[in-house]
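Enquirer: Attaching a single structure in structure tokens format; questions to follow.
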Amino acid sequence: MAISRAQMAPPESARGLDYDTIVIGAGISGLYQLHRLREMGQRVRVFEAGTGVGGTWYWNRYPGCRFDSESYSYGYSFSEELLAEWDWTEHFAPQPETERYLNYVADKLDLRRDIELRSRVTAATFDESGRAWEVTLEDGRRCRSRYLVTAVGPLSAPTLPRIAGIDDFQREAYHTARWPKHRVSFEGKRVAVIGTGATGVQAIQEIAKTAGHLTVFQRRPNWCTPLHNRPITKAEMDEIRTTYPDIFQRCRETAACFVHTTDPRGTFEVSDEERQAFWESLYAAPGFAIWMGNFKDVLIDRRANTLFSDFVADKIRQRVVDPKVAEMLIPKDHGFGTRRVPQETHYYEVYNQPNVELVSILETPIERITPTGLRTTDREFEFDIIVYATGFDAITGSLDRIDIRGLDGTTLKERWKGGIETFMGVMIDGFPNLFMVMGPHTALGNIPRSIEYNVEWIRDLLGHLAARDLTVADARRDAVDEWTAFVKEKGEGLLANEVDSWMTGVNQNVEGKQVRIIARYSGTAPEYRAWCDRVAAGGYRELVLA
Ligand SMILES: Cc1cc2nc3c(=O)[nH]c(=O)nc-3n(C[C@H](O)[C@H](O)[C@H](O)COP(=O)(O)OP(=O)(O)OC[C@H]3O[C@@H](n4cnc5c(N)ncnc54)[C@H](O)[C@@H]3O)c2cc1C
């Protein structure tokens with residue numbers, strides 16, 4: 001249901017509002033949205049739950065946390081000054097560096113004066129007569145703004161496993177995405193890591209360096225490939241700086257905004273020798289080249305996918321000494337690249353260390369966490385530290401945790417109970433003046449490139465409204481239906497959509513998220529942007545403006 005012009009009362013004077021726009025979240029999205037709206041002369045307030053800015057790079061302080069995006073393709077691209085001043089020191093920067101970078105940006109753009117930290121938004125209700133959003137904070141405070149932008153992150157609502165007794169453990173326990181600011185020492189300690197997704201892999205290879213004994217609890221293995229990180233010298237950084245226009249141009253052209261792009265050849269169009277040599281070169285190449293730069297059919301054609309999966313399986317067998325452990329580490333339930341590919345540095349070699357043990361919790365499930373460790377169906381374990389690398393309630397998790405109510409008090413959860421429906425991942429009919437940066441069904445990939453696009457599209461729409469003395473924008477239902485159908489169509493034929501993962505909306509640790517849905521847009525970013533550009537160029541006919 002979209003709002004109609006007749007339904008709307010005359011606009012309330014802006015003087016009755018605390019702000020023009022409230023932004024929720026001070027990660028890359030929120031910081032940039034604040035900057036762009038303030039530039040337009042808006043009064044903006046950002047509410048951020050954390051005690052610092054940076055979002056993902058503020059919360060995820062776990063050992064080993066770093067980019068899979070090439071650092072210089074991830075930073076903001078809009079400011080010559082930021083690009084000129086900031087030096088990345090590694091091809092795939094570690095978390096402390098990215099957190100420093102985002103603090104530098106916040107200072108450089110003087111953003112802090114409009115950001116309130118330690119301020120979690122619990123509810124947001126659209127007031128039709130006032131054409132305003134009323135936002136409630138955890139401490140009970142309320143504020144009103146004309147517009148509301150959610151910049152709450154696609155991967156920012158952490159989930160713990162659904163295991164009995166989690167609160168019983170009497171020693172140190174950490175979730176990777178709520179890692180403390182103080183240093184955690186693993187020196188000589190008995191450590192458990194639960195989870196082997198992208199985060200678990202990064203943490204395990206780091207913790208194994210000092211732990212007295214490390215036990216890894218794996219539900220299902222992932223296809224991990226080498227990151228090949230290395231430092232960036234000053235001279236190299238100077239060289240990179242001169243190529244920034246090319247780097248960002250490339251990111252604009254590729255399907256997922258990475259510097260890597262699909263090889264135009266099909267897997268079976270080349271000779272066996274050529275194929276083998278190409279795959280060896282990809283295995284030796286840095287970053288996601290192996291995932292994003294592979295033959296064009298590897299993620300679509302079952303036979304091609306199986307052949308490449310076999311290639312990676314052999315690499316795992318070569319790297320892990322114990323054949324039984326190697327087999328445990330080779331995925332059997334999904335092909336390469338159909339779930340998020342963790343990038344690793346000596347991850348597989350960790351399992352050759354005498355102080356590391358791998359336990360399959362599919363074979364012997366964890367029954368409960370105990371005061372001193374945990375119990376599987378097979379054994380009792382004692383630990384000094386338990387690390388939960390159990391990820392996030394992805395894509396909609398952070399939105400679900402806010403009581404968002406649009407027209408007629410309809411909650412966002414009610415609106416989406418039959419499945420996610422959006423207009424370009426940015427708007428939802430019946431929720432006027434609500435805009436999502438990195439909402440569901442938007443282009444993801446190398447995310448800041450899509451963030452910059454989303455933020456600027458929202459800025460332009462608000463500029464369009466301001467120039468015409470309009471104060472309401474709501475998506476039309478048919479525009480939502482059309483976009484949602486397009487998203488579904490783009491998901492067809494992709495092997496990734498036949499597999500349980502956060503990308504298909506499945507999280508065994510979250511109630512109600514056991515069934516596969518189309519949780520993300522899997523078309524290309526250029527197609528996404530073309531759609532959004534068309535809407536803007538056509539004068540936003542897909543929206544009701546009033
Ligand atoms: C460990 C890890 C590594 C990653 N590596 C990469 C990578 O290499 N490349 C890549 O492209 N992407 C990567 N990502 C994805 C990453 O999330 C995005 O790149 C990017 O940081 C998203 O920025 P954001 O501002 O949209 O969201 P976030 O950075 O998640 O920020 C959202 C902010 O909103 C705040 N918030 C949420 N709800 C509320 C509320 N109710 N009230 C107040 N504040 C709230 C949160 O506290 C958080 O600070 C990674 C993610 C993780 C978790």
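Residues in the structure tokens are numbered from 1 in each chain, the chains being A, B, ... in the order shown, and ligands are numbered from 1 in the order shown.
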Quick one: residues within 7 Å of Pro342 of chain A, only C-alpha atoms, excluding same-chain residues fewer than 6 positions away - as a ChimeraX atom specification?

Expert: /A:197-198,201,223-225

Enquirer: Name each residue within 7 Å of ligand 1, counting only C-alpha atoms and all ligand atoms, as number ranges by chain.

Expert: A: 24-30, 47-50, 53-58, 60, 65-69, 74, 119-122, 151-156, 199, 398, 401-402, 437-438, 445-448, 451

Enquirer: In Å, how far is it from atom CA of Arg190 of chain A to atom CA of Arg319 of chain A?

Expert: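 So the answer is 24.8 Å.
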
Enquirer: Find the residues around Leu214 of chain A up to 8 Å (only C-alpha atoms counted), leave out those fewer than 5 positions away in its own chain, and share them as a PyMOL selection string.

Expert: chain A and resi 190-193+207-208+355-357

Enquirer: Would you please work out which residue, of A:Leu137, A:Ile428, A:Leu444, A:Tyr521, is nearest to Ala475 of chain A when using only C-alpha atoms?

Expert: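 Selected residue with least distance to Ala475 of chain A: A:Ile428.
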
Enquirer: Tell me which protein, DNA and RNA residues are within 10 Å of Ile22 of chain A, counting only C-alpha atoms, leaving out same-chain ones fewer than 3 positions away, and put them as a list in words.

Expert: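 Contacts, in chain order: Asp18, Tyr19, Gly25, Gly30, Leu34, Arg43, Val44, Arg45, Val46, Phe47, Trp133, Glu134, Val135, Cys143, Arg144, Ser145, Arg146, Tyr147, Leu148, Val149, Thr150 and Leu434 of chain A.
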
Enquirer: Take the residues that were just selected and, keeping C-alpha atoms, output them as a compact mmCIF listing (two decimals), in the first residue's frame.

Expert:
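Result went into result-v2.txt, see below:
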# COMPACT_ATOMS: atom_id res chain seq x y z
CA ASP A 18 13.93 18.22 15.62
CA TYR A 19 15.81 17.34 12.43
CA GLY A 25 24.06 3.87 12.25
CA GLY A 30 25.74 6.48 7.95
CA LEU A 34 25.40 12.48 7.04
CA ARG A 43 19.83 19.36 9.91
CA VAL A 44 20.86 15.76 10.41
CA ARG A 45 21.26 13.55 13.47
CA VAL A 46 23.00 10.19 13.45
CA PHE A 47 22.21 7.75 16.25
CA TRP A 133 9.12 9.98 11.67
CA GLU A 134 9.09 9.73 15.42
CA VAL A 135 12.17 7.89 16.59
CA CYS A 143 12.84 12.91 18.34
CA ARG A 144 11.04 13.80 15.15
CA SER A 145 12.41 14.19 11.66
CA ARG A 146 10.95 14.50 8.18
CA TYR A 147 13.07 11.69 6.79
CA LEU A 148 14.58 8.55 8.24
CA VAL A 149 17.57 6.73 6.78
CA THR A 150 18.47 3.29 8.07
CA LEU A 434 12.04 5.86 4.95

Enquirer: Choose the residue, out of A:Arg529, A:Arg459, A:Arg162, A:Arg61, that has the smallest atom-to-atom separation from Glu99 of chain A; count only C-alpha atoms.

Expert: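 Distance minimum relative to Glu99 of chain A lands on A:Arg61.
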
Enquirer: Using backbone DSSP assignments, extract all strand (DSSP E or B) residues from segment 67-152 of chain A; output them as number ranges by chain.

Expert: A: 90, 94, 115-116, 121-127, 132-137, 142-150

Enquirer: Write a file of the selected residues as a PDB file, in the first residue's frame, keeping N, CA and C atoms.

Expert:
ATOM      1  N   GLU A  90      48.426  -2.298   3.840  1.00  0.00           N
ATOM      2  CA  GLU A  90      48.396  -3.694   3.380  1.00  0.00           C
ATOM      3  C   GLU A  90      47.362  -3.811   2.271  1.00  0.00           C
ATOM      4  N   PRO A  94      44.004  -4.812   7.926  1.00  0.00           N
ATOM      5  CA  PRO A  94      43.399  -5.384   9.139  1.00  0.00           C
ATOM      6  C   PRO A  94      42.417  -4.400   9.778  1.00  0.00           C
ATOM      7  N   ILE A 115      26.739  13.359  15.478  1.00  0.00           N
ATOM      8  CA  ILE A 115      26.587  11.920  15.771  1.00  0.00           C
ATOM      9  C   ILE A 115      26.431  11.731  17.270  1.00  0.00           C
ATOM     10  N   GLU A 116      25.411  10.992  17.671  1.00  0.00           N
ATOM     11  CA  GLU A 116      25.281  10.625  19.082  1.00  0.00           C
ATOM     12  C   GLU A 116      25.607   9.154  19.235  1.00  0.00           C
ATOM     13  N   VAL A 121      18.530   3.005  18.583  1.00  0.00           N
ATOM     14  CA  VAL A 121      17.148   3.296  18.200  1.00  0.00           C
ATOM     15  C   VAL A 121      16.337   2.020  18.389  1.00  0.00           C
ATOM     16  N   THR A 122      15.236   2.125  19.123  1.00  0.00           N
ATOM     17  CA  THR A 122      14.416   0.933  19.365  1.00  0.00           C
ATOM     18  C   THR A 122      13.130   0.938  18.550  1.00  0.00           C
ATOM     19  N   ALA A 123      12.653   2.139  18.202  1.00  0.00           N
ATOM     20  CA  ALA A 123      11.393   2.201  17.456  1.00  0.00           C
ATOM     21  C   ALA A 123      11.373   3.426  16.560  1.00  0.00           C
ATOM     22  N   ALA A 124      10.592   3.323  15.474  1.00  0.00           N
ATOM     23  CA  ALA A 124      10.407   4.463  14.573  1.00  0.00           C
ATOM     24  C   ALA A 124       9.010   4.341  13.988  1.00  0.00           C
ATOM     25  N   THR A 125       8.218   5.398  14.165  1.00  0.00           N
ATOM     26  CA  THR A 125       6.819   5.366  13.719  1.00  0.00           C
ATOM     27  C   THR A 125       6.554   6.549  12.806  1.00  0.00           C
ATOM     28  N   PHE A 126       5.889   6.278  11.680  1.00  0.00           N
ATOM     29  CA  PHE A 126       5.565   7.377  10.774  1.00  0.00           C
ATOM     30  C   PHE A 126       4.267   8.032  11.207  1.00  0.00           C
ATOM     31  N   ASP A 127       4.344   9.334  11.394  1.00  0.00           N
ATOM     32  CA  ASP A 127       3.172  10.109  11.787  1.00  0.00           C
ATOM     33  C   ASP A 127       2.620  10.758  10.513  1.00  0.00           C
ATOM     34  N   ALA A 132       6.055  12.969   9.388  1.00  0.00           N
ATOM     35  CA  ALA A 132       7.332  12.909  10.102  1.00  0.00           C
ATOM     36  C   ALA A 132       7.543  11.528  10.711  1.00  0.00           C
ATOM     37  N   TRP A 133       8.783  11.207  10.949  1.00  0.00           N
ATOM     38  CA  TRP A 133       9.124   9.984  11.668  1.00  0.00           C
ATOM     39  C   TRP A 133       9.393  10.329  13.126  1.00  0.00           C
ATOM     40  N   GLU A 134       8.793   9.544  14.002  1.00  0.00           N
ATOM     41  CA  GLU A 134       9.088   9.725  15.418  1.00  0.00           C
ATOM     42  C   GLU A 134       9.981   8.563  15.837  1.00  0.00           C
ATOM     43  N   VAL A 135      11.154   8.907  16.305  1.00  0.00           N
ATOM     44  CA  VAL A 135      12.170   7.893  16.593  1.00  0.00           C
ATOM     45  C   VAL A 135      12.355   7.787  18.103  1.00  0.00           C
ATOM     46  N   THR A 136      12.352   6.551  18.600  1.00  0.00           N
ATOM     47  CA  THR A 136      12.522   6.351  20.042  1.00  0.00           C
ATOM     48  C   THR A 136      13.865   5.675  20.295  1.00  0.00           C
ATOM     49  N   LEU A 137      14.575   6.206  21.294  1.00  0.00           N
ATOM     50  CA  LEU A 137      15.874   5.634  21.651  1.00  0.00           C
ATOM     51  C   LEU A 137      15.724   4.728  22.871  1.00  0.00           C
ATOM     52  N   ARG A 142      12.788  10.718  22.638  1.00  0.00           N
ATOM     53  CA  ARG A 142      12.104  10.687  21.340  1.00  0.00           C
ATOM     54  C   ARG A 142      12.473  11.917  20.525  1.00  0.00           C
ATOM     55  N   CYS A 143      12.593  11.757  19.227  1.00  0.00           N
ATOM     56  CA  CYS A 143      12.836  12.905  18.338  1.00  0.00           C
ATOM     57  C   CYS A 143      12.059  12.710  17.059  1.00  0.00           C
ATOM     58  N   ARG A 144      11.808  13.848  16.401  1.00  0.00           N
ATOM     59  CA  ARG A 144      11.040  13.795  15.145  1.00  0.00           C
ATOM     60  C   ARG A 144      11.875  14.351  14.002  1.00  0.00           C
ATOM     61  N   SER A 145      11.719  13.689  12.863  1.00  0.00           N
ATOM     62  CA  SER A 145      12.412  14.192  11.665  1.00  0.00           C
ATOM     63  C   SER A 145      11.512  13.944  10.465  1.00  0.00           C
ATOM     64  N   ARG A 146      11.743  14.697   9.404  1.00  0.00           N
ATOM     65  CA  ARG A 146      10.952  14.496   8.180  1.00  0.00           C
ATOM     66  C   ARG A 146      11.310  13.144   7.549  1.00  0.00           C
ATOM     67  N   TYR A 147      12.602  12.889   7.483  1.00  0.00           N
ATOM     68  CA  TYR A 147      13.068  11.685   6.793  1.00  0.00           C
ATOM     69  C   TYR A 147      13.843  10.791   7.764  1.00  0.00           C
ATOM     70  N   LEU A 148      13.835   9.507   7.423  1.00  0.00           N
ATOM     71  CA  LEU A 148      14.577   8.547   8.241  1.00  0.00           C
ATOM     72  C   LEU A 148      15.417   7.675   7.303  1.00  0.00           C
ATOM     73  N   VAL A 149      16.700   7.596   7.582  1.00  0.00           N
ATOM     74  CA  VAL A 149      17.573   6.733   6.777  1.00  0.00           C
ATOM     75  C   VAL A 149      18.122   5.638   7.679  1.00  0.00           C
ATOM     76  N   THR A 150      17.874   4.384   7.308  1.00  0.00           N
ATOM     77  CA  THR A 150      18.468   3.294   8.074  1.00  0.00           C
ATOM     78  C   THR A 150      19.798   2.925   7.406  1.00  0.00           C
TER      79      THR A 150
END

Enquirer: List the neighbours of Tyr347 of chain A out to 9 Å using only C-alpha atoms; skip same-chain residues closer than 5 positions along the sequence, and give me the result as a PyMOL selection string.

Expert: chain A and resi 201-202+204-206+224+226

Enquirer: Give me, please, the distance in Å between atom CA of Glu172 of chain A and atom CA of Ile386 of chain A, quoted to one decimal.

Expert: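 Spanning atom CA of Glu172 of chain A to atom CA of Ile386 of chain A is a straight-line distance of 6.5 Å.
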
Enquirer: Using only C-alpha atoms, which protein or nucleic acid residues come within 7 Å of segment 320-324 of chain A? Drop anything in the same chain fewer than 5 positions from it, and give the result as a list in words.

Expert: Tyr348, Glu349, Tyr351 and Asn352 of chain A

Enquirer: Generate the output file for the selected residues, C-alpha atoms, as a compact mmCIF listing (two decimals), in the first residue's frame.

Expert:
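Written output follows (again27.txt):
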# COMPACT_ATOMS: atom_id res chain seq x y z
CA TYR A 348 44.54 -25.38 6.36
CA GLU A 349 48.06 -25.75 7.79
CA TYR A 351 45.16 -28.41 11.28
CA ASN A 352 48.67 -29.89 10.97

Enquirer: Could you jot down the atom CA of Ala389 of chain A to atom CA of Ile420 of chain A separation for me, Å, one decimal place?

Expert: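 Computing the Euclidean distance for atom CA of Ala389 of chain A and atom CA of Ile420 of chain A yields 26.6 Å.
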
Enquirer: Looking only at helix (DSSP H, G or I) from DSSP on the backbone, list the matching residues of segment 325-469 of chain A as an NGL selection string.

Expert: :A and (325-329 or 347-350 or 397-400 or 407-409 or 412-415 or 447-467)

Enquirer: With a distance cut-off of 12 Å and only C-alpha atoms, select the neighbouring residues of segment 486-498 of chain A, excluding the residue or stretch itself and same-chain residues fewer than 2 positions from it, and output the selection as a PyMOL selection string.

Expert: chain A and resi 297-306+333-341+419-425+440-443+479-484+500-506+515-525+527-528+531
